[in-house]
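Novice: Before we start, here is the structure in question, set down as structure tokens.
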Amino acid sequence: MLGLKKLVQAGVFAATALVASTGFAQGVTEFTDQQLVKILKEGGHEQTILVRKGIVAVRLPNRSAFLIKNRGVAGISAYYAMGVGAVPLDEINLWNKKNRFARIYLDADGDPVMEADLYSFDGAFDDEEVIDFVKFFLMYIKPYHEFVIANITPVDPKGTL
């Protein structure tokens with residue numbers, strides 16, 4: 001029993017050290033849209049604009065863009081879509097099974113959308129976490145493109161297929 005007590009104490013110490021070293025305790029509980037734009041620009045995404053309340057667009061070098069939804073205390077979400085037609089749901093399910101942190105779904109128009117979320121375990125974020133989240137999301141864009149192109153179901157506007 002004494003061994004278990006020491007193990008628990010060591011775990012609590014390690015968790016406390018992790019929080020102190022990562023700056024979680026020093027984060028903010030939510031960003032304003034303007035703060036989010038500023039953080040992204042300072043993180044190297046100069047082509048970042050506020051589209052409307054709660055929605056920020058980040059233009060990429062290839063002229064496409066992705067959106068970030070500012071959910072306030074609930075975190076932020078990143079979205080990237082290709083309006084090219086449908087992808088079979090069984091293929092989307094396979095993607096989601098393999099890629100747990102960036103999921104794909106079909107939007108109301110039937111187009112595949114990739115989405116990822118940043119949540120905080122302690123209710124606070126710092127600038128670096130937001131920048132790291134965006135870097136993480138950007139790593140998924142190329143595999144997402146390849147996945148969609150490989151699995152697209154062509155749209156036939158005349159219904160002749």
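Chain identifiers are assigned as A, B, and so on, following the order in which chains appear in the structure tokens; residues are numbered from 1 within each chain, and ligands are numbered from 1 in order of appearance.
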List as a PDB file with all heavy atoms, in the first residue's frame the protein and nucleic acid residues near range 99-101 of chain A, meaning an atom at most 9 Å away when only C-alpha atoms are counted, but skip any in the same chain fewer than 5 places from it.

Specialist:
```
ATOM      1  N   LEU A  94     -13.548   5.514 -42.697  1.00  0.00           N
ATOM      2  CA  LEU A  94     -12.185   4.985 -42.629  1.00  0.00           C
ATOM      3  C   LEU A  94     -11.186   6.091 -42.278  1.00  0.00           C
ATOM      4  O   LEU A  94     -10.273   5.892 -41.479  1.00  0.00           O
ATOM      5  CB  LEU A  94     -11.795   4.314 -43.941  1.00  0.00           C
ATOM      6  CG  LEU A  94     -12.431   2.957 -44.213  1.00  0.00           C
ATOM      7  CD1 LEU A  94     -12.077   2.471 -45.615  1.00  0.00           C
ATOM      8  CD2 LEU A  94     -11.996   1.936 -43.169  1.00  0.00           C
ATOM      9  N   GLU A 115     -12.354  19.089 -40.086  1.00  0.00           N
ATOM     10  CA  GLU A 115     -12.491  19.916 -38.890  1.00  0.00           C
ATOM     11  C   GLU A 115     -11.608  19.363 -37.782  1.00  0.00           C
ATOM     12  O   GLU A 115     -11.421  18.151 -37.666  1.00  0.00           O
ATOM     13  CB  GLU A 115     -13.944  19.927 -38.429  1.00  0.00           C
ATOM     14  CG  GLU A 115     -14.190  20.709 -37.167  1.00  0.00           C
ATOM     15  CD  GLU A 115     -15.648  20.682 -36.724  1.00  0.00           C
ATOM     16  OE1 GLU A 115     -16.513  20.181 -37.459  1.00  0.00           O
ATOM     17  OE2 GLU A 115     -15.908  21.160 -35.616  1.00  0.00           O
ATOM     18  N   ALA A 116     -11.067  20.259 -36.975  1.00  0.00           N
ATOM     19  CA  ALA A 116     -10.312  19.882 -35.776  1.00  0.00           C
ATOM     20  C   ALA A 116     -10.635  20.904 -34.696  1.00  0.00           C
ATOM     21  O   ALA A 116     -11.003  22.047 -34.994  1.00  0.00           O
ATOM     22  CB  ALA A 116      -8.820  19.850 -36.054  1.00  0.00           C
ATOM     23  N   ASP A 117     -10.500  20.497 -33.456  1.00  0.00           N
ATOM     24  CA  ASP A 117     -10.831  21.366 -32.326  1.00  0.00           C
ATOM     25  C   ASP A 117      -9.667  21.484 -31.368  1.00  0.00           C
ATOM     26  O   ASP A 117      -8.897  20.539 -31.183  1.00  0.00           O
ATOM     27  CB  ASP A 117     -12.026  20.802 -31.549  1.00  0.00           C
ATOM     28  CG  ASP A 117     -13.264  20.678 -32.401  1.00  0.00           C
ATOM     29  OD1 ASP A 117     -13.678  21.683 -32.988  1.00  0.00           O
ATOM     30  OD2 ASP A 117     -13.815  19.570 -32.478  1.00  0.00           O
ATOM     31  N   PHE A 137      -3.042  21.509 -37.610  1.00  0.00           N
ATOM     32  CA  PHE A 137      -4.128  21.448 -38.580  1.00  0.00           C
ATOM     33  C   PHE A 137      -3.580  21.523 -40.008  1.00  0.00           C
ATOM     34  O   PHE A 137      -4.025  20.779 -40.891  1.00  0.00           O
ATOM     35  CB  PHE A 137      -5.125  22.577 -38.328  1.00  0.00           C
ATOM     36  CG  PHE A 137      -6.356  22.492 -39.182  1.00  0.00           C
ATOM     37  CD1 PHE A 137      -7.326  21.537 -38.924  1.00  0.00           C
ATOM     38  CD2 PHE A 137      -6.554  23.367 -40.234  1.00  0.00           C
ATOM     39  CE1 PHE A 137      -8.469  21.453 -39.713  1.00  0.00           C
ATOM     40  CE2 PHE A 137      -7.694  23.288 -41.024  1.00  0.00           C
ATOM     41  CZ  PHE A 137      -8.647  22.331 -40.758  1.00  0.00           C
TER      42      PHE A 137
END
```

Novice: I'd like the contact shell of range 79-89 of chain A - 10 Å cut-off, only C-alpha atoms, skipping same-chain residues fewer than 2 positions apart - returned as a PyMOL selection string.

Specialist: chain A and resi 57+64-69+77+91-95+102-107+109-117+137-138+140-141+144-145+147-156

Novice: Can you list, as JSON, numbers by chain, all residues belonging to range 114-156 of chain A that DSSP tags as alpha helix (DSSP H)?

Specialist: {"A": [127, 128, 129, 130, 131, 132, 133, 134, 135, 136, 137, 138, 139, 140, 141, 142, 143, 144, 145, 146, 147, 148, 149, 150, 151]}

Novice: Wanna dump the range 114-160 of chain A-range 25-49 of chain A contacts at 10 Å for me, each residue with its shortest atom pair and the distance in Å to one decimal, counting only C-alpha atoms, ordered by chain and number, as a tab-separated table?

Specialist:
```
residue	atom	partner	partner_atom	distance
A:Ser120	CA	A:Thr29	CA	8.7
A:Asp122	CA	A:Ala25	CA	7.8
A:Gly123	CA	A:Thr29	CA	5.6
A:Ala124	CA	A:Thr29	CA	4.2
A:Phe125	CA	A:Gly27	CA	4.5
A:Asp126	CA	A:Gly27	CA	4.5
A:Asp127	CA	A:Ile39	CA	6.2
A:Glu128	CA	A:Gly43	CA	8.5
A:Glu129	CA	A:Gly27	CA	9.3
A:Val130	CA	A:Ile39	CA	7.7
A:Ile131	CA	A:Gly43	CA	6.0
A:Asp132	CA	A:Gly43	CA	9.2
A:Val134	CA	A:Leu40	CA	8.4
A:Lys135	CA	A:Gly43	CA	9.6
```

Novice: The selected residues should be written to file as a PDB file, in the first residue's frame (atoms: N, CA, C and O atoms).

Specialist:
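Saved the output as part-v1.pdb:
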```pdb
ATOM      1  N   SER A 120      -9.150  23.059 -24.006  1.00  0.00           N
ATOM      2  CA  SER A 120      -8.184  23.146 -22.924  1.00  0.00           C
ATOM      3  C   SER A 120      -8.603  22.234 -21.781  1.00  0.00           C
ATOM      4  O   SER A 120      -9.767  22.171 -21.429  1.00  0.00           O
ATOM      5  N   ASP A 122      -7.574  22.652 -18.756  1.00  0.00           N
ATOM      6  CA  ASP A 122      -7.731  23.439 -17.533  1.00  0.00           C
ATOM      7  C   ASP A 122      -8.530  24.722 -17.765  1.00  0.00           C
ATOM      8  O   ASP A 122      -8.599  25.569 -16.909  1.00  0.00           O
ATOM      9  N   GLY A 123      -9.114  24.861 -18.945  1.00  0.00           N
ATOM     10  CA  GLY A 123      -9.941  26.028 -19.228  1.00  0.00           C
ATOM     11  C   GLY A 123      -9.163  27.247 -19.662  1.00  0.00           C
ATOM     12  O   GLY A 123      -9.711  28.342 -19.720  1.00  0.00           O
ATOM     13  N   ALA A 124      -7.876  27.102 -19.973  1.00  0.00           N
ATOM     14  CA  ALA A 124      -7.075  28.252 -20.381  1.00  0.00           C
ATOM     15  C   ALA A 124      -6.176  27.880 -21.556  1.00  0.00           C
ATOM     16  O   ALA A 124      -5.763  26.746 -21.702  1.00  0.00           O
ATOM     17  N   PHE A 125      -5.906  28.867 -22.398  1.00  0.00           N
ATOM     18  CA  PHE A 125      -5.023  28.714 -23.561  1.00  0.00           C
ATOM     19  C   PHE A 125      -3.929  29.760 -23.465  1.00  0.00           C
ATOM     20  O   PHE A 125      -4.108  30.800 -22.851  1.00  0.00           O
ATOM     21  N   ASP A 126      -2.843  29.509 -24.176  1.00  0.00           N
ATOM     22  CA  ASP A 126      -1.877  30.572 -24.383  1.00  0.00           C
ATOM     23  C   ASP A 126      -1.623  30.686 -25.884  1.00  0.00           C
ATOM     24  O   ASP A 126      -2.056  29.842 -26.665  1.00  0.00           O
ATOM     25  N   ASP A 127      -0.929  31.746 -26.282  1.00  0.00           N
ATOM     26  CA  ASP A 127      -0.689  32.005 -27.702  1.00  0.00           C
ATOM     27  C   ASP A 127      -0.004  30.827 -28.391  1.00  0.00           C
ATOM     28  O   ASP A 127      -0.348  30.454 -29.509  1.00  0.00           O
ATOM     29  N   GLU A 128       0.977  30.247 -27.722  1.00  0.00           N
ATOM     30  CA  GLU A 128       1.747  29.153 -28.303  1.00  0.00           C
ATOM     31  C   GLU A 128       0.867  27.938 -28.604  1.00  0.00           C
ATOM     32  O   GLU A 128       1.045  27.274 -29.621  1.00  0.00           O
ATOM     33  N   GLU A 129      -0.090  27.664 -27.745  1.00  0.00           N
ATOM     34  CA  GLU A 129      -0.996  26.535 -27.995  1.00  0.00           C
ATOM     35  C   GLU A 129      -1.830  26.771 -29.242  1.00  0.00           C
ATOM     36  O   GLU A 129      -2.089  25.842 -30.011  1.00  0.00           O
ATOM     37  N   VAL A 130      -2.263  27.999 -29.454  1.00  0.00           N
ATOM     38  CA  VAL A 130      -3.047  28.321 -30.647  1.00  0.00           C
ATOM     39  C   VAL A 130      -2.187  28.149 -31.894  1.00  0.00           C
ATOM     40  O   VAL A 130      -2.620  27.529 -32.867  1.00  0.00           O
ATOM     41  N   ILE A 131      -0.965  28.661 -31.878  1.00  0.00           N
ATOM     42  CA  ILE A 131      -0.049  28.530 -33.025  1.00  0.00           C
ATOM     43  C   ILE A 131       0.246  27.065 -33.287  1.00  0.00           C
ATOM     44  O   ILE A 131       0.235  26.611 -34.442  1.00  0.00           O
ATOM     45  N   ASP A 132       0.510  26.289 -32.248  1.00  0.00           N
ATOM     46  CA  ASP A 132       0.786  24.854 -32.425  1.00  0.00           C
ATOM     47  C   ASP A 132      -0.422  24.124 -33.003  1.00  0.00           C
ATOM     48  O   ASP A 132      -0.279  23.237 -33.842  1.00  0.00           O
ATOM     49  N   VAL A 134      -2.689  25.398 -35.025  1.00  0.00           N
ATOM     50  CA  VAL A 134      -2.769  25.747 -36.449  1.00  0.00           C
ATOM     51  C   VAL A 134      -1.721  24.968 -37.240  1.00  0.00           C
ATOM     52  O   VAL A 134      -2.021  24.420 -38.304  1.00  0.00           O
ATOM     53  N   LYS A 135      -0.496  24.857 -36.726  1.00  0.00           N
ATOM     54  CA  LYS A 135       0.537  24.054 -37.399  1.00  0.00           C
ATOM     55  C   LYS A 135       0.070  22.609 -37.543  1.00  0.00           C
ATOM     56  O   LYS A 135       0.246  21.985 -38.589  1.00  0.00           O
TER      57      LYS A 135
END
```

Novice: Run DSSP on the backbone and tell me which residues of range 71-130 of chain A come out as strand (DSSP E); list them as number ranges by chain.

Specialist: A: 76-81, 103-106, 112-118
